[in-house]
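A short write-up of the structure that comes next.
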2 protein chains.
Amino acid sequence: MAEFLDLHSKTTKALRALAETAMRRHGLHQGQDHLLAALWERDGSTPGEIAAALHVTTPTVVKMATRMSAVGLLVRRRDEHDNRLVRLWLTDAGRALRGPVEAERRSLEEKITAGLTETELRQLTTALAKIYDSARDLL
Amino acid sequence: MAEFLDLHSKTTKALRALAETAMRRHGLHQGQDHLLAALWERDGSTPGEIAAALHVTTPTVVKMATRMSAVGLLVRRRDEHDNRLVRLWLTDAGRALRGPVEAERRSLEEKITAGLTETELRQLTTALAKIYDSARDLL
DNA sequence: CAGTAATCGCTAGACGGCAAACGATTAGGA
DNA sequence: TCCTAATCGTTTGCCGTCTAGCGATTACTG
């Protein structure tokens with residue numbers, strides 16, 4: 001009964017736990033690395049843009065930004081031309097995490113996929129992408 | 001950069017959203033169907049047992065049980081022989097959801113995997129199981 | 001040009017999830 | 001037998017996530 005969904009769910013929880021302990025080593029909470037990644041890619045993005053990039057709602061980004069701002073990873077600043085907008089800017093501390101965090105993430109991916117051959121991994125990625133597309137269509 | 005992890009993360013969010021709207025049709029919140037499933041399988045389980053079955057911590061089950069008890073899906077009762085234990089028992093309302101919820105879950109699984117051939121689905125399941133095993137080992 | 005509509009970020013409140021600490025009960029050993 | 005250790009459920013507090021609703025600013029339209 002719902003074989004794939006159950007397996008996916010279990011895997012998700014295990015991967016989340018791994019990612020969490022990995023990121024905690026750098027003083028981050030689960031998901032905060034993704035927010036940072038968005039800023040590493042485009043510093044000064046707005047909460048709305050980041051939310052779209054992370055497949056998350058705006059309030060989620062707002063809350064995370066507040067906490068991350070409190071620990072000095074980024075700063076909030078209103079846009080000069082459009083006063084509705086807020087832009088998030090990395091601090092030196094936020095920028096400094098890029099190397100270590102990206103390495104950590106690559107390392108995790110490698111460990112996780114170590115048991116698969118190249119072919120298996122390619123097939124897995126392709127099939128999972130199809131699942132993702134189906135899910136998006138049903139949304 | 002972390003190709004598989006990113007894809008998996010996106011897919012998880014999409015599937016979660018789908019499962020949530022599906023279960024909301026039956027008045028349930030995300031994950032509550034799993035707790036019910038554990039009781040359908042073995043009514044009178046303890047929070048600890050359910051937590052283990054769901055790959056979740058005990059406090060999570062306790063909170064969910066409190067809410068689900070408030071809406072009349074189950075009842076709490078202390079074990080007669082061991083007063084440390086609490087057992088969760090389904091109400092008629094909780095039992096009545098089994099058919100519809102299981103059908104909903106099967107339907108979702110079918111829709112999600114409709115784009116894959118039998119072979120692709122089998123390969124996907126096998127590969128994902130390997131990922132899961134790797135993750136568990138690293139935990 | 002004025003007023004309405006659209007766009008944004010934010011707050012409030014709820015839920016699933018976790019770790020840590022607490023209290024009560026039972027089991028086991030000196 | 002009594003005292004300690006193990007076992008459980010629960011509480012507390014935090015984080016990520018969502019929906020709904022609010023307030024402010026900008027854009028558009030008559």
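Residues are referred to by chain and number: the chain letter is A, B, ... according to the order shown in the structure tokens, the number counts from 1 in that chain, and ligands are numbered separately from 1 in the order shown.
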
Please produce, as CSV, a per-residue contact table for chain A versus chain C (criterion: any atom at most 12 Å away, only C-alpha atoms (C1' of nucleotides) considered), showing the nearest atom pair and its distance in Å to one decimal, sorted by chain then residue number.
```
residue,atom,partner,partner_atom,distance
A:Lys13,CA,C:DG17,C1',9.9
A:Arg16,CA,C:DG17,C1',10.7
A:Ala17,CA,C:DC18,C1',9.6
A:Glu20,CA,C:DC18,C1',10.3
A:Thr21,CA,C:DC18,C1',11.5
A:His29,CA,C:DC18,C1',11.4
A:Gln30,CA,C:DC18,C1',11.1
A:Thr46,CA,C:DG9,C1',9.4
A:Pro47,CA,C:DG9,C1',7.9
A:Gly48,CA,C:DC8,C1',8.0
A:Glu49,CA,C:DC8,C1',11.0
A:Thr57,CA,C:DG9,C1',11.9
A:Thr58,CA,C:DG9,C1',8.3
A:Pro59,CA,C:DC10,C1',7.6
A:Thr60,CA,C:DC10,C1',10.8
A:Val61,CA,C:DG9,C1',10.3
A:Val62,CA,C:DC10,C1',7.6
A:Lys63,CA,C:DC10,C1',9.3
A:Ala65,CA,C:DG9,C1',11.8
A:Thr66,CA,C:DC10,C1',10.9
A:Arg76,CA,C:DG9,C1',11.4
A:Arg77,CA,C:DG9,C1',11.8
A:Arg78,CA,C:DG9,C1',10.2
A:Asp79,CA,C:DC8,C1',11.5
A:Asp82,CA,C:DC8,C1',9.9
A:Asn83,CA,C:DC8,C1',9.1
A:Arg84,CA,C:DC8,C1',5.4
A:Leu85,CA,C:DC8,C1',6.1
A:Val86,CA,C:DG9,C1',7.2
A:Arg87,CA,C:DG9,C1',10.4
```

Please produce an output containing N, CA, C and O atoms for each residue in the selection, written as a CSV table (one decimal), in the first residue's frame.
```csv
chain,number,residue,atom,x,y,z
A,13,LYS,N,12.9,11.7,5.7
A,13,LYS,CA,13.2,11.9,7.1
A,13,LYS,C,14.6,11.6,7.4
A,13,LYS,O,15.3,12.4,8.2
A,16,ARG,N,16.8,14.4,5.9
A,16,ARG,CA,16.6,15.6,6.6
A,16,ARG,C,17.5,15.6,7.9
A,16,ARG,O,18.2,16.6,8.2
A,17,ALA,N,17.4,14.5,8.6
A,17,ALA,CA,18.2,14.3,9.8
A,17,ALA,C,19.7,14.5,9.5
A,17,ALA,O,20.4,15.2,10.2
A,20,GLU,N,20.5,18.1,8.7
A,20,GLU,CA,20.4,18.9,9.8
A,20,GLU,C,21.7,18.8,10.7
A,20,GLU,O,22.2,19.9,11.1
A,21,THR,N,22.1,17.6,11.0
A,21,THR,CA,23.3,17.5,11.8
A,21,THR,C,24.6,18.1,11.0
A,21,THR,O,25.5,18.6,11.6
A,29,HIS,N,20.5,26.1,10.8
A,29,HIS,CA,19.4,25.2,11.0
A,29,HIS,C,19.0,24.7,9.6
A,29,HIS,O,19.3,25.3,8.6
A,30,GLN,N,18.2,23.6,9.6
A,30,GLN,CA,17.7,23.0,8.4
A,30,GLN,C,17.1,24.0,7.4
A,30,GLN,O,16.2,24.7,7.9
A,46,THR,N,15.1,39.8,-3.0
A,46,THR,CA,14.0,40.1,-2.1
A,46,THR,C,13.4,38.8,-1.5
A,46,THR,O,13.6,37.7,-2.1
A,47,PRO,N,12.7,38.9,-0.4
A,47,PRO,CA,12.1,37.7,0.2
A,47,PRO,C,11.3,36.9,-0.8
A,47,PRO,O,11.3,35.7,-0.8
A,48,GLY,N,10.5,37.6,-1.6
A,48,GLY,CA,9.6,37.0,-2.6
A,48,GLY,C,10.4,36.2,-3.6
A,48,GLY,O,10.1,35.0,-3.9
A,49,GLU,N,11.5,36.8,-4.1
A,49,GLU,CA,12.3,36.1,-5.1
A,49,GLU,C,12.9,34.8,-4.5
A,49,GLU,O,12.9,33.7,-5.1
A,57,THR,N,6.9,29.5,0.8
A,57,THR,CA,6.1,30.7,0.8
A,57,THR,C,7.0,31.9,1.4
A,57,THR,O,8.0,31.7,2.0
A,58,THR,N,6.5,33.1,1.1
A,58,THR,CA,7.2,34.3,1.6
A,58,THR,C,7.3,34.4,3.1
A,58,THR,O,8.3,34.7,3.6
A,59,PRO,N,6.2,34.1,3.8
A,59,PRO,CA,6.3,34.2,5.3
A,59,PRO,C,7.4,33.3,5.8
A,59,PRO,O,8.1,33.7,6.8
A,60,THR,N,7.6,32.2,5.2
A,60,THR,CA,8.7,31.3,5.7
A,60,THR,C,10.1,32.0,5.5
A,60,THR,O,10.9,32.0,6.5
A,61,VAL,N,10.3,32.6,4.4
A,61,VAL,CA,11.6,33.3,4.2
A,61,VAL,C,11.7,34.5,5.2
A,61,VAL,O,12.8,34.8,5.7
A,62,VAL,N,10.6,35.2,5.4
A,62,VAL,CA,10.6,36.4,6.3
A,62,VAL,C,11.1,35.9,7.7
A,62,VAL,O,11.9,36.6,8.3
A,63,LYS,N,10.5,34.9,8.2
A,63,LYS,CA,10.8,34.4,9.5
A,63,LYS,C,12.3,33.9,9.6
A,63,LYS,O,13.0,34.3,10.5
A,65,ALA,N,14.7,34.9,7.7
A,65,ALA,CA,15.5,36.0,7.5
A,65,ALA,C,15.7,36.8,8.8
A,65,ALA,O,16.8,37.2,9.2
A,66,THR,N,14.6,36.8,9.6
A,66,THR,CA,14.6,37.5,10.9
A,66,THR,C,15.6,36.8,11.8
A,66,THR,O,16.5,37.5,12.5
A,76,ARG,N,18.8,43.2,6.6
A,76,ARG,CA,17.6,43.7,5.8
A,76,ARG,C,17.8,45.1,5.4
A,76,ARG,O,18.2,45.9,6.2
A,77,ARG,N,17.5,45.5,4.2
A,77,ARG,CA,17.5,46.9,3.8
A,77,ARG,C,16.4,47.1,2.8
A,77,ARG,O,16.2,46.3,1.8
A,78,ARG,N,15.7,48.2,2.9
A,78,ARG,CA,14.7,48.5,1.9
A,78,ARG,C,15.3,48.9,0.6
A,78,ARG,O,16.3,49.6,0.6
A,79,ASP,N,14.6,48.6,-0.4
A,79,ASP,CA,15.0,49.0,-1.8
A,79,ASP,C,14.9,50.5,-1.9
A,79,ASP,O,13.9,51.1,-1.4
A,82,ASP,N,12.0,51.3,-4.8
A,82,ASP,CA,10.6,50.8,-4.5
A,82,ASP,C,10.5,50.4,-3.1
A,82,ASP,O,11.0,49.4,-2.6
A,83,ASN,N,9.8,51.3,-2.4
A,83,ASN,CA,9.8,51.1,-0.9
A,83,ASN,C,9.0,50.0,-0.4
A,83,ASN,O,8.9,49.7,0.8
A,84,ARG,N,8.3,49.3,-1.3
A,84,ARG,CA,7.6,48.1,-0.8
A,84,ARG,C,8.6,46.9,-0.6
A,84,ARG,O,8.5,46.1,0.2
A,85,LEU,N,9.6,47.0,-1.5
A,85,LEU,CA,10.6,45.9,-1.5
A,85,LEU,C,11.6,45.9,-0.3
A,85,LEU,O,12.0,47.0,0.1
A,86,VAL,N,12.0,44.7,0.1
A,86,VAL,CA,13.1,44.6,1.0
A,86,VAL,C,14.1,43.7,0.4
A,86,VAL,O,13.8,42.8,-0.3
A,87,ARG,N,15.4,44.1,0.6
A,87,ARG,CA,16.4,43.2,0.0
A,87,ARG,C,17.3,42.7,1.1
A,87,ARG,O,17.6,43.4,2.1
```

Self-check item: Residues of chain D within 9 Å of chain A, counting only C-alpha atoms (C1' of nucleotides), as a list in words
Solution: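 Filtering chain D at 9 Å from chain A with only C-alpha atoms (C1' of nucleotides) gives DC15, DG16, DT17, DC18, DA24, DT25 and DT26 of chain D.
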
Based on the selection just made, write all heavy atoms of those residues as a CSV table (one decimal), in the first residue's frame.
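Below you can see selection33.csv, which holds the result:
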```csv
chain,number,residue,atom,x,y,z
D,15,DC,P,14.9,29.5,17.0
D,15,DC,OP1,16.3,29.9,16.8
D,15,DC,OP2,13.8,30.4,17.2
D,15,DC,O5',14.5,28.5,15.8
D,15,DC,C5',15.3,27.4,15.5
D,15,DC,C4',14.7,26.6,14.4
D,15,DC,O4',13.5,25.9,14.9
D,15,DC,C3',14.2,27.4,13.2
D,15,DC,O3',14.8,27.0,12.0
D,15,DC,C2',12.7,27.2,13.1
D,15,DC,C1',12.5,25.9,13.9
D,15,DC,N1,11.2,25.8,14.6
D,15,DC,C2,10.3,24.8,14.3
D,15,DC,O2,10.7,23.9,13.4
D,15,DC,N3,9.1,24.7,14.8
D,15,DC,C4,8.8,25.6,15.7
D,15,DC,N4,7.6,25.5,16.3
D,15,DC,C5,9.6,26.7,16.1
D,15,DC,C6,10.8,26.7,15.5
D,16,DG,P,14.6,27.9,10.7
D,16,DG,OP1,15.8,27.8,9.9
D,16,DG,OP2,13.9,29.2,11.1
D,16,DG,O5',13.5,27.0,10.0
D,16,DG,C5',13.8,25.6,9.6
D,16,DG,C4',12.7,24.9,8.9
D,16,DG,O4',11.6,24.8,9.8
D,16,DG,C3',12.1,25.7,7.7
D,16,DG,O3',11.8,24.8,6.6
D,16,DG,C2',10.9,26.4,8.2
D,16,DG,C1',10.4,25.3,9.2
D,16,DG,N9,9.6,25.9,10.4
D,16,DG,C8,10.0,27.0,11.2
D,16,DG,N7,9.1,27.2,12.1
D,16,DG,C5,8.1,26.3,11.9
D,16,DG,C6,6.9,26.1,12.6
D,16,DG,O6,6.4,26.7,13.6
D,16,DG,N1,6.2,25.0,12.1
D,16,DG,C2,6.6,24.2,11.0
D,16,DG,N2,5.8,23.2,10.6
D,16,DG,N3,7.7,24.4,10.3
D,16,DG,C4,8.4,25.4,10.8
D,17,DT,P,11.4,25.3,5.2
D,17,DT,OP1,11.8,24.3,4.3
D,17,DT,OP2,12.0,26.7,5.1
D,17,DT,O5',9.8,25.4,5.2
D,17,DT,C5',9.1,24.2,5.2
D,17,DT,C4',7.6,24.5,5.5
D,17,DT,O4',7.4,24.9,6.9
D,17,DT,C3',7.0,25.7,4.7
D,17,DT,O3',6.6,25.2,3.5
D,17,DT,C2',5.9,26.2,5.6
D,17,DT,C1',6.2,25.5,6.9
D,17,DT,N1,6.1,26.4,8.1
D,17,DT,C2,5.0,26.4,8.9
D,17,DT,O2,4.1,25.6,8.8
D,17,DT,N3,5.0,27.3,9.9
D,17,DT,C4,6.0,28.3,10.2
D,17,DT,O4,5.9,29.0,11.1
D,17,DT,C5,7.1,28.2,9.3
D,17,DT,C7,8.2,29.2,9.4
D,17,DT,C6,7.1,27.3,8.3
D,18,DC,P,5.8,26.2,2.5
D,18,DC,OP1,5.7,25.6,1.2
D,18,DC,OP2,6.4,27.6,2.7
D,18,DC,O5',4.3,26.3,3.1
D,18,DC,C5',3.5,25.1,3.2
D,18,DC,C4',2.2,25.5,3.8
D,18,DC,O4',2.4,25.9,5.2
D,18,DC,C3',1.5,26.6,3.2
D,18,DC,O3',0.3,26.2,2.4
D,18,DC,C2',1.0,27.6,4.3
D,18,DC,C1',1.5,26.9,5.5
D,18,DC,N1,2.3,27.9,6.4
D,18,DC,C2,1.7,28.3,7.6
D,18,DC,O2,0.6,27.9,7.9
D,18,DC,N3,2.3,29.3,8.3
D,18,DC,C4,3.5,29.7,7.9
D,18,DC,N4,4.1,30.6,8.7
D,18,DC,C5,4.1,29.3,6.7
D,18,DC,C6,3.5,28.4,6.0
D,24,DA,P,-0.1,51.6,7.7
D,24,DA,OP1,0.5,52.3,8.8
D,24,DA,OP2,-1.4,51.9,7.1
D,24,DA,O5',0.9,51.7,6.4
D,24,DA,C5',2.2,51.0,6.6
D,24,DA,C4',2.8,50.9,5.2
D,24,DA,O4',2.1,49.9,4.5
D,24,DA,C3',2.8,52.2,4.4
D,24,DA,O3',4.1,52.4,3.9
D,24,DA,C2',1.8,51.8,3.2
D,24,DA,C1',2.0,50.3,3.1
D,24,DA,N9,0.9,49.6,2.6
D,24,DA,C8,-0.4,49.7,3.0
D,24,DA,N7,-1.3,48.9,2.2
D,24,DA,C5,-0.4,48.3,1.3
D,24,DA,C6,-0.7,47.4,0.3
D,24,DA,N6,-1.9,46.9,0.0
D,24,DA,N1,0.4,47.0,-0.5
D,24,DA,C2,1.6,47.5,-0.2
D,24,DA,N3,1.9,48.4,0.8
D,24,DA,C4,0.9,48.7,1.5
D,25,DT,P,4.4,53.9,3.2
D,25,DT,OP1,5.6,54.4,3.9
D,25,DT,OP2,3.1,54.7,3.3
D,25,DT,O5',4.7,53.5,1.7
D,25,DT,C5',5.6,52.5,1.4
D,25,DT,C4',5.3,52.0,0.0
D,25,DT,O4',4.0,51.3,0.0
D,25,DT,C3',5.3,53.0,-1.0
D,25,DT,O3',6.4,52.7,-2.0
D,25,DT,C2',3.9,52.9,-1.7
D,25,DT,C1',3.5,51.5,-1.3
D,25,DT,N1,2.1,51.3,-1.3
D,25,DT,C2,1.6,50.4,-2.2
D,25,DT,O2,2.2,49.8,-3.0
D,25,DT,N3,0.2,50.2,-2.1
D,25,DT,C4,-0.7,50.8,-1.2
D,25,DT,O4,-1.9,50.5,-1.2
D,25,DT,C5,0.0,51.7,-0.3
D,25,DT,C7,-0.9,52.4,0.7
D,25,DT,C6,1.3,51.9,-0.4
D,26,DT,P,6.8,53.8,-3.1
D,26,DT,OP1,8.2,53.8,-3.2
D,26,DT,OP2,6.1,55.1,-2.8
D,26,DT,O5',6.2,53.2,-4.4
D,26,DT,C5',6.5,51.9,-4.7
D,26,DT,C4',5.5,51.3,-5.8
D,26,DT,O4',4.2,51.3,-5.2
D,26,DT,C3',5.4,52.2,-7.1
D,26,DT,O3',5.7,51.4,-8.2
D,26,DT,C2',4.0,52.7,-7.1
D,26,DT,C1',3.3,51.6,-6.3
D,26,DT,N1,2.0,52.0,-5.6
D,26,DT,C2,0.9,51.3,-6.0
D,26,DT,O2,0.8,50.4,-6.8
D,26,DT,N3,-0.3,51.7,-5.3
D,26,DT,C4,-0.3,52.7,-4.3
D,26,DT,O4,-1.4,53.0,-3.8
D,26,DT,C5,0.9,53.4,-4.0
D,26,DT,C7,0.9,54.4,-3.0
D,26,DT,C6,2.0,53.0,-4.7
```

Practice problem: Counting only C-alpha atoms, collect the residues of chain A whose closest atom lies at most 7 Å from chain B, and write them out as a ChimeraX atom specification. | Solution: /A:1-2,4-5,11,14-15,18,105-106,109,112-113,115,120,124-125,127,130-132,134-136,139

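In this model, the gap between atom CA of A:Leu97 and atom CA of A:Ser45 comes to 17.9 Å.
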